[in-house]
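Text of the file protein_30.cif, holding mmCIF, C-alpha atoms:
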```
data_coords
#
loop_
_atom_site.label_atom_id
_atom_site.label_comp_id
_atom_site.auth_asym_id
_atom_site.auth_seq_id
_atom_site.Cartn_x
_atom_site.Cartn_y
_atom_site.Cartn_z
CA MET A 1 67.20 102.76 79.16
CA PRO A 2 67.51 100.19 81.95
CA GLY A 3 64.33 98.77 83.47
CA PHE A 4 61.80 100.57 81.29
CA GLU A 5 58.38 98.92 81.33
CA GLN A 6 55.79 101.33 79.98
CA TRP A 7 54.62 104.93 79.97
CA THR A 8 52.10 106.06 82.57
CA GLN A 9 49.96 109.21 82.66
CA ASN A 10 49.57 111.38 85.72
CA GLY A 11 49.58 114.98 86.89
CA ALA A 12 53.15 115.49 85.75
CA GLY A 13 52.42 114.18 82.26
CA ARG A 14 54.00 111.06 80.82
CA VAL A 15 56.14 109.23 83.37
CA PRO A 16 58.07 106.02 82.60
CA LYS A 17 57.26 103.06 84.82
CA ILE A 18 60.35 101.03 85.67
CA SER A 19 60.89 97.45 86.71
CA THR A 20 62.30 96.46 90.12
CA THR A 21 63.89 93.26 88.87
CA LEU A 22 67.39 93.47 87.49
CA THR A 23 68.02 91.57 84.30
CA MET A 24 71.12 89.63 83.30
CA ARG A 25 72.11 92.69 81.28
CA ASP A 26 71.88 94.93 84.37
CA HIS A 27 74.14 92.60 86.34
CA LEU A 28 76.58 92.40 83.46
CA GLY A 29 76.55 96.19 83.20
CA ALA A 30 77.35 96.51 86.91
CA CYS A 31 80.16 94.01 86.50
CA LYS A 32 81.62 95.92 83.57
CA ALA A 33 81.30 99.24 85.38
CA ARG A 34 83.29 97.78 88.29
CA TRP A 35 86.13 97.25 85.82
CA GLY A 36 85.73 100.70 84.35
CA ILE A 37 84.38 99.38 81.05
CA ASP A 38 81.72 101.50 79.33
CA ARG A 39 80.72 103.01 82.66
CA MET A 40 79.58 106.20 81.04
CA ASN A 41 77.35 104.34 78.58
CA TYR A 42 75.07 103.33 81.41
CA MET A 43 73.71 106.75 82.25
CA VAL A 44 70.04 106.88 83.11
CA PRO A 45 68.07 109.82 81.71
CA PRO A 46 67.32 112.20 84.61
CA GLY A 47 63.72 112.89 85.55
CA LEU A 48 60.73 111.40 87.33
CA TYR A 49 60.04 107.64 87.28
CA ALA A 50 57.21 105.50 88.62
CA ILE A 51 57.78 102.30 90.55
CA GLY A 52 54.59 100.22 90.86
CA ALA A 53 51.54 102.47 90.48
CA PRO A 54 52.30 105.48 92.68
CA ALA A 55 49.45 107.76 93.74
CA PRO A 56 49.81 111.49 94.51
CA GLU A 57 50.30 110.74 98.23
CA ASP A 58 53.07 108.20 97.72
CA PRO A 59 56.67 108.99 98.72
CA VAL A 60 59.29 110.51 96.43
CA LEU A 61 62.82 109.15 96.55
CA VAL A 62 65.79 110.88 94.97
CA THR A 63 68.89 109.27 93.48
CA ALA A 64 71.73 109.82 90.98
CA ASN A 65 71.76 108.78 87.32
CA TYR A 66 74.65 106.40 87.81
CA LYS A 67 73.41 103.04 86.62
CA MET A 68 74.43 101.17 89.76
CA SER A 69 72.77 103.73 92.06
CA PHE A 70 69.58 103.63 89.99
CA ASP A 71 69.56 99.82 89.84
CA GLU A 72 70.29 99.41 93.55
CA VAL A 73 67.48 101.78 94.50
CA ARG A 74 64.81 100.30 92.20
CA ARG A 75 65.75 96.74 93.16
CA ASN A 76 65.18 97.57 96.81
CA LEU A 77 61.78 99.12 96.12
CA ALA A 78 60.21 95.96 94.69
CA GLY A 79 56.50 95.62 95.42
CA ARG A 80 56.03 99.27 96.39
CA ASN A 81 54.33 102.28 94.87
CA VAL A 82 56.83 105.12 94.94
CA TRP A 83 58.13 107.95 92.81
CA LEU A 84 61.80 108.06 91.92
CA LEU A 85 63.38 111.37 90.97
CA VAL A 86 66.68 110.81 89.17
CA LEU A 87 69.13 113.72 89.16
CA GLU A 88 71.60 114.46 86.37
CA THR A 89 74.93 113.58 87.96
CA PHE A 90 76.55 112.69 84.64
CA GLY A 91 76.78 108.99 85.46
CA ILE A 92 78.49 109.54 88.82
CA ASN A 93 77.31 107.91 92.06
CA VAL A 94 75.56 109.86 94.82
CA TRP A 95 78.56 110.22 97.14
CA CYS A 96 81.08 111.39 94.54
CA ALA A 97 78.51 113.57 92.79
CA ALA A 98 77.57 115.22 96.10
CA GLY A 99 81.25 115.97 96.69
CA LYS A 100 81.49 117.55 93.26
CA GLY A 101 78.19 119.37 93.74
CA THR A 102 76.35 117.78 90.80
CA PHE A 103 74.13 115.85 93.20
CA GLY A 104 73.33 119.22 94.66
CA THR A 105 70.84 121.89 95.59
CA ASP A 106 70.73 123.51 92.15
CA GLU A 107 70.22 120.27 90.25
CA LEU A 108 67.58 119.06 92.71
CA VAL A 109 65.64 122.34 92.45
CA ARG A 110 65.94 122.28 88.66
CA ARG A 111 64.83 118.64 88.42
CA ILE A 112 61.83 119.22 90.69
CA ARG A 113 60.72 121.99 88.33
CA LEU A 114 61.50 120.26 85.03
CA SER A 115 59.81 117.02 86.06
CA GLY A 116 56.60 118.70 87.21
CA LEU A 117 56.88 116.82 90.49
CA ALA A 118 54.61 119.29 92.28
CA ARG A 119 51.77 118.27 89.94
CA ALA A 120 52.40 114.54 90.33
CA VAL A 121 52.25 114.49 94.13
CA ASN A 122 50.03 116.20 96.68
CA HIS A 123 52.62 116.29 99.49
CA ARG A 124 55.89 118.24 99.69
CA HIS A 125 58.44 115.74 101.00
CA LEU A 126 61.55 114.25 99.41
CA ILE A 127 63.55 111.27 100.62
CA LEU A 128 67.29 111.60 99.95
CA PRO A 129 70.27 109.33 100.57
CA ILE A 130 72.39 110.49 103.50
CA LEU A 131 75.52 110.43 101.35
CA GLY A 132 73.89 113.04 99.11
CA ALA A 133 73.88 115.57 101.96
CA PRO A 134 77.35 117.06 101.18
CA GLY A 135 75.85 118.49 98.00
CA VAL A 136 72.34 119.42 99.07
CA ALA A 137 71.34 122.22 101.43
CA ALA A 138 67.97 120.98 102.64
CA HIS A 139 66.82 124.39 103.89
CA GLU A 140 67.66 125.95 100.51
CA VAL A 141 65.62 123.33 98.66
CA ALA A 142 62.68 124.01 100.98
CA LYS A 143 62.99 127.73 100.47
CA GLN A 144 63.14 127.48 96.69
CA THR A 145 60.62 124.69 96.01
CA GLY A 146 58.53 124.13 99.14
CA PHE A 147 59.74 120.51 99.29
CA THR A 148 61.22 119.43 102.61
CA VAL A 149 64.12 116.99 102.59
CA ARG A 150 64.43 113.89 104.72
CA TYR A 151 67.77 112.10 104.72
CA ALA A 152 66.74 108.47 104.96
CA ALA A 153 69.70 106.11 105.01
CA ILE A 154 73.18 105.54 103.67
CA ARG A 155 72.43 102.26 101.90
CA ALA A 156 69.57 101.63 99.48
CA ALA A 157 69.17 98.24 101.14
CA ASP A 158 67.80 100.03 104.22
CA LEU A 159 65.02 101.75 102.26
CA PRO A 160 62.42 99.00 102.78
CA ALA A 161 62.90 99.10 106.56
CA TYR A 162 62.86 102.90 106.50
CA LEU A 163 59.61 103.04 104.55
CA ASP A 164 57.98 100.26 106.58
CA HIS A 165 58.72 101.86 109.94
CA GLY A 166 57.18 105.26 109.41
CA MET A 167 60.27 106.81 107.83
CA LYS A 168 62.44 106.36 110.89
CA THR A 169 66.19 106.33 110.43
CA THR A 170 67.85 103.98 112.89
CA GLU A 171 71.42 104.49 114.13
CA ALA A 172 72.60 101.61 111.96
CA MET A 173 71.13 103.20 108.81
CA ARG A 174 73.17 106.31 109.57
CA GLU A 175 76.46 104.58 110.18
CA LEU A 176 79.00 103.97 107.45
CA THR A 177 80.62 100.60 107.03
CA PHE A 178 83.60 99.50 104.98
CA THR A 179 83.32 95.73 104.86
CA LEU A 180 85.68 93.39 103.05
CA TYR A 181 83.19 93.15 100.19
CA GLU A 182 82.75 96.91 100.04
CA ARG A 183 86.54 97.29 99.79
CA LEU A 184 86.96 94.44 97.35
CA VAL A 185 84.56 95.80 94.72
CA LEU A 186 86.59 99.02 94.56
CA VAL A 187 89.79 97.25 93.60
CA PRO A 188 89.12 96.43 89.91
CA VAL A 189 88.56 100.00 88.78
CA GLU A 190 91.64 101.09 90.76
CA LEU A 191 93.65 98.40 88.98
CA VAL A 192 92.44 99.63 85.62
CA THR A 193 93.32 103.22 86.55
CA ALA A 194 96.82 102.23 87.72
CA ALA A 195 97.44 99.88 84.79
CA ARG A 196 98.45 102.42 82.17
CA GLN A 197 101.04 104.30 84.15
CA SER A 198 102.33 101.03 85.60
CA ALA A 199 102.75 99.56 82.12
CA VAL A 200 104.93 102.51 81.13
CA ILE A 201 107.04 102.30 84.30
CA MET A 202 107.43 98.52 83.91
CA ALA A 203 108.47 98.86 80.28
CA VAL A 204 111.15 101.40 81.20
CA LEU A 205 112.37 99.36 84.21
CA GLY A 206 112.37 96.13 82.20
CA ALA A 207 114.32 97.69 79.35
CA LEU A 208 116.90 99.24 81.70
CA PHE A 209 117.50 96.06 83.65
CA ALA A 210 117.51 93.86 80.58
CA PHE A 211 120.10 96.18 79.05
CA ALA A 212 122.25 96.13 82.21
CA GLY A 213 121.86 92.52 83.36
CA GLY A 214 120.19 90.42 80.69
CA TRP A 215 116.54 89.66 80.00
CA GLN A 216 116.08 87.71 83.23
CA ALA A 217 117.03 90.78 85.28
CA GLY A 218 114.55 92.74 83.20
CA LEU A 219 111.73 90.32 83.97
CA VAL A 220 112.55 90.23 87.68
CA ALA A 221 112.54 94.03 87.83
CA MET A 222 109.17 94.17 86.10
CA ALA A 223 107.69 91.51 88.37
CA ALA A 224 109.06 93.24 91.48
CA TYR A 225 107.44 96.52 90.46
CA LEU A 226 104.17 94.87 89.46
CA GLY A 227 103.99 93.15 92.84
CA ALA A 228 104.63 96.39 94.71
CA MET A 229 101.91 98.09 92.70
CA LEU A 230 99.44 95.26 93.36
CA ALA A 231 100.37 95.31 97.05
CA GLY A 232 99.31 98.95 97.22
CA VAL A 233 96.32 98.84 94.86
CA ALA A 234 94.79 95.48 95.78
CA ALA A 235 96.30 93.99 98.94
CA ALA A 236 96.33 97.18 101.02
CA PRO A 237 92.58 97.87 100.56
CA VAL A 238 91.68 94.26 101.30
CA LEU A 239 93.89 94.07 104.40
CA LEU A 240 93.15 97.67 105.44
CA PRO A 241 91.82 97.09 108.97
CA TRP A 242 94.62 94.69 109.83
CA LEU A 243 97.54 96.75 108.58
CA PRO A 244 99.15 98.73 111.40
CA GLY A 245 98.90 102.49 111.81
CA ARG A 246 96.30 105.10 110.92
CA SER A 247 98.26 106.49 108.00
CA PHE A 248 97.64 104.92 104.59
CA ALA A 249 101.25 105.59 103.61
CA VAL A 250 102.40 103.59 106.63
CA LYS A 251 99.96 100.77 105.83
CA GLY A 252 101.25 100.72 102.25
CA THR A 253 104.86 100.75 103.44
CA VAL A 254 104.24 97.74 105.68
CA ILE A 255 102.77 95.68 102.89
CA GLY A 256 105.52 96.86 100.53
CA ILE A 257 108.17 95.62 102.98
CA LEU A 258 106.43 92.23 103.08
CA TRP A 259 106.54 92.16 99.27
CA GLY A 260 110.22 93.17 99.34
CA GLY A 261 110.82 90.19 101.61
CA ALA A 262 109.01 87.88 99.22
CA VAL A 263 111.06 89.10 96.26
CA THR A 264 114.28 88.63 98.23
CA LEU A 265 113.33 85.06 99.13
CA LEU A 266 112.41 84.24 95.53
CA ALA A 267 115.21 85.97 93.63
CA HIS A 268 118.18 85.79 96.07
CA PRO A 269 119.63 89.17 95.07
CA SER A 270 122.98 90.58 96.27
CA PRO A 271 122.96 92.49 99.60
CA LEU A 272 123.01 95.87 97.86
CA VAL A 273 120.13 94.95 95.54
CA THR A 274 118.23 93.56 98.54
CA ALA A 275 118.66 96.90 100.26
CA ALA A 276 117.46 98.68 97.13
CA LEU A 277 114.37 96.47 97.02
CA PHE A 278 113.52 97.19 100.65
CA VAL A 279 113.88 100.92 100.09
CA GLY A 280 112.19 101.23 96.69
CA LEU A 281 109.31 98.73 96.67
CA PRO A 282 107.63 99.96 99.88
CA ALA A 283 107.62 103.49 98.42
CA VAL A 284 105.68 102.24 95.39
CA SER A 285 103.18 100.32 97.55
CA ALA A 286 102.81 103.29 99.89
CA PHE A 287 102.02 105.61 96.98
CA TYR A 288 99.22 103.39 95.71
CA ALA A 289 97.88 102.72 99.21
CA LEU A 290 97.77 106.47 99.85
CA ASN A 291 95.85 106.86 96.62
CA PHE A 292 93.15 104.56 98.01
CA THR A 293 92.14 107.29 100.47
CA GLY A 294 90.04 108.62 97.60
CA CYS A 295 87.89 105.50 97.69
CA THR A 296 87.26 105.37 101.40
CA THR A 297 84.56 107.11 103.37
CA PHE A 298 86.51 107.81 106.53
CA THR A 299 89.63 109.67 105.42
CA SER A 300 89.54 113.45 105.65
CA ARG A 301 90.95 115.92 103.17
CA SER A 302 93.16 117.51 105.85
CA GLY A 303 94.49 114.10 106.84
CA VAL A 304 95.38 113.16 103.27
CA LYS A 305 97.02 116.57 102.83
CA LYS A 306 99.14 116.00 105.92
CA GLU A 307 100.09 112.51 104.79
CA MET A 308 101.07 113.75 101.36
CA ARG A 309 103.17 116.63 102.64
CA ILE A 310 105.24 114.15 104.63
CA ALA A 311 105.01 111.00 102.51
CA LEU A 312 105.49 112.26 98.95
CA PRO A 313 109.03 113.66 99.51
CA VAL A 314 109.98 110.51 101.45
CA MET A 315 108.68 108.28 98.64
CA GLY A 316 110.51 110.31 96.03
CA ALA A 317 113.75 110.15 97.99
CA ALA A 318 113.32 106.40 98.60
CA VAL A 319 112.85 105.70 94.89
CA ALA A 320 115.89 107.85 94.04
CA VAL A 321 118.07 106.14 96.66
CA SER A 322 116.87 102.72 95.54
CA LEU A 323 117.69 103.43 91.88
CA ALA A 324 121.09 104.82 92.89
CA MET A 325 121.86 101.65 94.85
CA LEU A 326 120.83 99.52 91.88
CA ALA A 327 123.07 101.58 89.60
CA VAL A 328 126.00 101.22 92.00
CA SER A 329 125.40 97.47 92.28
CA ARG A 330 125.93 97.22 88.51
CA LEU A 331 129.27 99.03 88.73
CA LEU A 332 130.64 96.90 91.58
CA MET B 333 83.23 104.06 111.88
CA LYS B 334 83.67 100.68 113.54
CA GLY B 335 87.10 99.18 112.90
CA PHE B 336 88.51 102.17 111.04
CA ALA B 337 90.18 105.34 112.27
CA TYR B 338 92.12 107.93 110.37
CA LEU B 339 94.73 110.46 111.51
CA LYS B 340 94.09 112.29 114.78
CA ASN B 341 93.93 116.07 115.25
CA VAL B 342 93.67 116.99 111.58
CA ALA B 343 89.96 117.61 110.99
CA THR B 344 89.11 121.27 110.36
CA LEU B 345 85.54 120.95 111.63
CA GLU B 346 84.32 123.87 113.75
CA LEU B 347 80.96 124.53 115.39
CA ASN B 348 79.81 127.91 116.61
CA ARG B 349 77.59 126.95 119.54
CA GLU B 350 76.33 130.51 119.97
CA LYS B 351 74.74 130.38 116.52
CA CYS B 352 73.36 126.84 116.88
CA VAL B 353 69.58 126.60 117.00
CA GLY B 354 69.50 122.93 117.94
CA CYS B 355 67.64 121.68 114.87
CA GLY B 356 69.68 118.47 114.83
CA ARG B 357 70.27 118.43 111.07
CA CYS B 358 74.01 117.88 111.59
CA LEU B 359 73.31 114.68 113.52
CA GLU B 360 70.99 113.57 110.73
CA VAL B 361 73.47 114.01 107.88
CA CYS B 362 76.74 112.99 109.56
CA PRO B 363 77.65 109.41 108.57
CA HIS B 364 80.24 109.20 111.37
CA GLN B 365 78.15 110.33 114.35
CA VAL B 366 80.50 113.23 115.05
CA PHE B 367 77.83 115.41 116.69
CA SER B 368 75.68 115.14 119.79
CA LEU B 369 72.71 117.22 120.83
CA ALA B 370 71.86 118.26 124.39
CA ALA B 371 69.76 121.11 125.74
CA ARG B 372 68.93 122.23 122.17
CA THR B 373 72.55 122.83 121.27
CA ALA B 374 74.78 120.63 119.16
CA ALA B 375 78.30 119.70 120.21
CA ILE B 376 81.24 118.07 118.43
CA GLU B 377 81.57 114.73 120.11
CA LYS B 378 84.08 112.80 117.97
CA LYS B 379 86.11 115.30 115.96
CA ASP B 380 88.71 112.72 114.88
CA ALA B 381 85.98 110.69 113.18
CA CYS B 382 85.17 113.62 110.86
CA MET B 383 85.97 112.91 107.19
CA GLU B 384 85.29 116.52 106.18
CA CYS B 385 82.54 115.66 103.71
CA GLY B 386 80.87 119.00 104.45
CA ALA B 387 77.31 117.65 104.78
CA CYS B 388 76.78 119.27 108.19
CA ALA B 389 78.05 122.70 107.13
CA LYS B 390 75.98 122.57 103.93
CA ASN B 391 72.81 121.63 105.78
CA CYS B 392 73.17 123.90 108.80
CA PRO B 393 70.38 126.46 108.33
CA VAL B 394 72.16 129.12 110.40
CA GLY B 395 75.70 128.61 109.11
CA ALA B 396 77.06 127.58 112.49
CA ILE B 397 79.40 124.91 111.10
CA ALA B 398 82.60 125.41 109.13
CA VAL B 399 84.80 122.71 107.62
CA ASP B 400 87.38 122.62 104.84
CA ALA B 401 85.55 120.12 102.64
CA GLY B 402 86.63 119.02 99.20
CA VAL B 403 88.41 116.42 97.11
CA GLY B 404 90.05 113.99 99.49
CA CYS B 405 91.97 111.64 97.26
CA ALA B 406 95.69 111.78 96.68
CA SER B 407 95.61 111.90 92.87
CA GLY B 408 92.90 114.56 92.95
CA MET B 409 95.07 116.64 95.26
CA ILE B 410 98.18 116.19 93.15
CA ASN B 411 96.15 117.46 90.18
CA GLU B 412 94.90 120.35 92.30
CA TRP B 413 98.46 121.28 93.28
CA LEU B 414 99.65 121.04 89.70
CA ARG B 415 96.84 123.34 88.60
CA GLU B 416 97.63 125.79 91.40
CA HIS B 417 101.22 125.92 90.22
CA ASN B 418 100.09 126.25 86.61
CA ILE B 419 101.54 122.93 85.58
CA ARG B 420 99.20 121.06 83.31
CA GLY B 421 98.28 117.78 84.95
CA ARG B 422 96.19 114.99 83.62
CA SER B 423 92.58 115.84 84.28
CA GLY B 424 92.07 112.96 86.66
CA GLU B 425 88.76 111.64 87.92
CA CYS B 426 88.71 110.18 91.36
#
```

What would you get if you wrote out this structure as structure tokens?
Amino acid sequence: MPGFEQWTQNGAGRVPKISTTLTMRDHLGACKARWGIDRMNYMVPPGLYAIGAPAPEDPVLVTANYKMSFDEVRRNLAGRNVWLLVLETFGINVWCAAGKGTFGTDELVRRIRLSGLARAVNHRHLILPILGAPGVAAHEVAKQTGFTVRYAAIRAADLPAYLDHGMKTTEAMRELTFTLYERLVLVPVELVTAARQSAVIMAVLGALFAFAGGWQAGLVAMAAYLGAMLAGVAAAPVLLPWLPGRSFAVKGTVIGILWGGAVTLLAHPSPLVTAALFVGLPAVSAFYALNFTGCTTFTSRSGVKKEMRIALPVMGAAVAVSLAMLAVSRLL
Amino acid sequence: MKGFAYLKNVATLELNREKCVGCGRCLEVCPHQVFSLAARTAAIEKKDACMECGACAKNCPVGAIAVDAGVGCASGMINEWLREHNIRGRSGEC
């Protein structure tokens, strides 16, 4: 398991002591997980861990058994004596696991009991990440275990400041951000997810166009689709704050139109094909941009529902019209 | 959230101020500073900033908050719809 140093003995029995320095292997693992490679092989066994040499009065922090959550938390606790209680979230991060309920009241209560936490510490306080709150009912945990919950911060990077300043959560620690870097790291796994279905669509498109207009037409069609997909999956998230509108479908449409323009400039298609490009490609980009709502932390379920009710039929119609125009352009 | 805003007038968040005991938990768990607290009663300050994560409702000890929380991604919802209509969709993770 990642970061294991040695076994320690205390009131709860044998507790593994873990390192706060990430190795080359940890960084590589994070990198691979970003690309969706082996991400489930990096699960951390749930239970109680020791960082430094924690005494019974030292604080208890709670996290998920997703490798990157675990690594980020222990890295930020370097030089401290604290307990770390890792919940079984099946390799999913705190935020997504809280939404699913696996980072939740029941698992927390169960893990407190199974780990013997009450024998390891002499206080009854737990420190949880704020983004775990959608899954955990603090008052229920207190009722069932006697442990009170403090929601510390959103980011593990704020833990040192939180612990150093008498467990005070500042406004900044409570406020979500979605920086360029935070958006960028989400793109690879989205690309991997979109790759399979895109490969199928591109193969079909390429074959159709190659059959109708020669292999060059096939390649252009595949490239046009690939670009529209990338515009939605990669460019839209990166450019998110600068794309107009509040709706992700609108943002995706805008970037899809830009891509349609680029294809037109590069391939000089006939007027009818140009029209088809401007109708069809934005629909593809809009679909993938809308899909990115699942990765953000400011889009609401009701909002996405509303967008989908309006946007999905429009996208479907746009693709149908676009294909019809392309078919007609072959007959002319 | 600074620099980002989603659709207006869609959030389903509701607060029953009669039930509220003013513990302030909702302010503690909300990552978008939707709530305010004055005279020992919470109020919804920025409803449009709500992302419907459900943390406030889950952590309200008196059940004064209601919100339709759940999977918020498009592919997850498509799968949900397919399941509702008994069409077998790919079991997608989001």

Please identify every residue of chain B that has at least one atom no more than 8 Å from any atom of chain A, counting only C-alpha atoms, and report them as number ranges by chain.
B: 333-339, 342-344, 360-365, 381-388, 390-393, 400-407, 409, 426

The distance between atom CA of Ala118 of chain A and atom CA of Gly79 of chain A is 24.0 Å

For Arg349 of chain B, find every residue with an atom within 8 Å (counting only C-alpha atoms), except residues of its own chain fewer than 5 positions away, and show them as a PyMOL selection string.
chain B and resi 373-375+396

File dump, residues just selected, C-alpha atoms, as an mmCIF file, in the coordinates of the input:
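Listing of result-v7.cif after writing:
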```cif
data_model
loop_
_atom_site.group_PDB
_atom_site.id
_atom_site.type_symbol
_atom_site.label_atom_id
_atom_site.label_comp_id
_atom_site.auth_asym_id
_atom_site.auth_seq_id
_atom_site.Cartn_x
_atom_site.Cartn_y
_atom_site.Cartn_z
ATOM 1 C CA THR B 373 72.550 122.830 121.270
ATOM 2 C CA ALA B 374 74.780 120.630 119.160
ATOM 3 C CA ALA B 375 78.300 119.700 120.210
ATOM 4 C CA ALA B 396 77.060 127.580 112.490
#
```

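Interatomic distance, atom CA of Ile51 of chain A against atom CA of Ala78 of chain A: 8.0 Å.
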
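Among the candidates A:Val250, A:Leu326, A:Leu108, A:Leu281, the one nearest to Gly213 of chain A when counting all atoms listed in the file is A:Leu326.
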
Point (51.0, 108.1, 95.3), cut-off 7 Å, counting only C-alpha atoms, residues as a PDB file with C-alpha atoms, in the frame of the given file:
```pdb
ATOM      1  CA  PRO A  54      52.300 105.480  92.680  1.00  0.00           C
ATOM      2  CA  ALA A  55      49.450 107.760  93.740  1.00  0.00           C
ATOM      3  CA  PRO A  56      49.810 111.490  94.510  1.00  0.00           C
ATOM      4  CA  GLU A  57      50.300 110.740  98.230  1.00  0.00           C
ATOM      5  CA  ASP A  58      53.070 108.200  97.720  1.00  0.00           C
ATOM      6  CA  PRO A  59      56.670 108.990  98.720  1.00  0.00           C
ATOM      7  CA  ASN A  81      54.330 102.280  94.870  1.00  0.00           C
ATOM      8  CA  VAL A  82      56.830 105.120  94.940  1.00  0.00           C
ATOM      9  CA  VAL A 121      52.250 114.490  94.130  1.00  0.00           C
TER      10      VAL A 121
END
```

Distance query Tyr225 of chain A at most 12 Å, only C-alpha atoms, self and fewer than 3 positions along chain excluded, as JSON, numbers by chain
{"A": [195, 197, 198, 199, 200, 201, 202, 203, 204, 205, 206, 218, 219, 220, 221, 222, 228, 229, 230, 231, 232, 256, 259, 260, 263, 277, 278, 280, 281, 282, 283, 284, 285, 288, 319]}

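A straight line drawn from atom CA of Ser115 of chain A to atom CA of Ala53 of chain A is 17.3 Å long.
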
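For the choices A:Met24, A:Trp83, A:Ser19, A:Ala235, the atom-to-atom distance to Leu184 of chain A is smallest for A:Ala235 when using all atoms listed in the file.
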
Can you spell out as a count of residues only the set of residues that the PyMOL selection byres ((chain A and resi 146) around 10) selects in the structure I just provided?
15
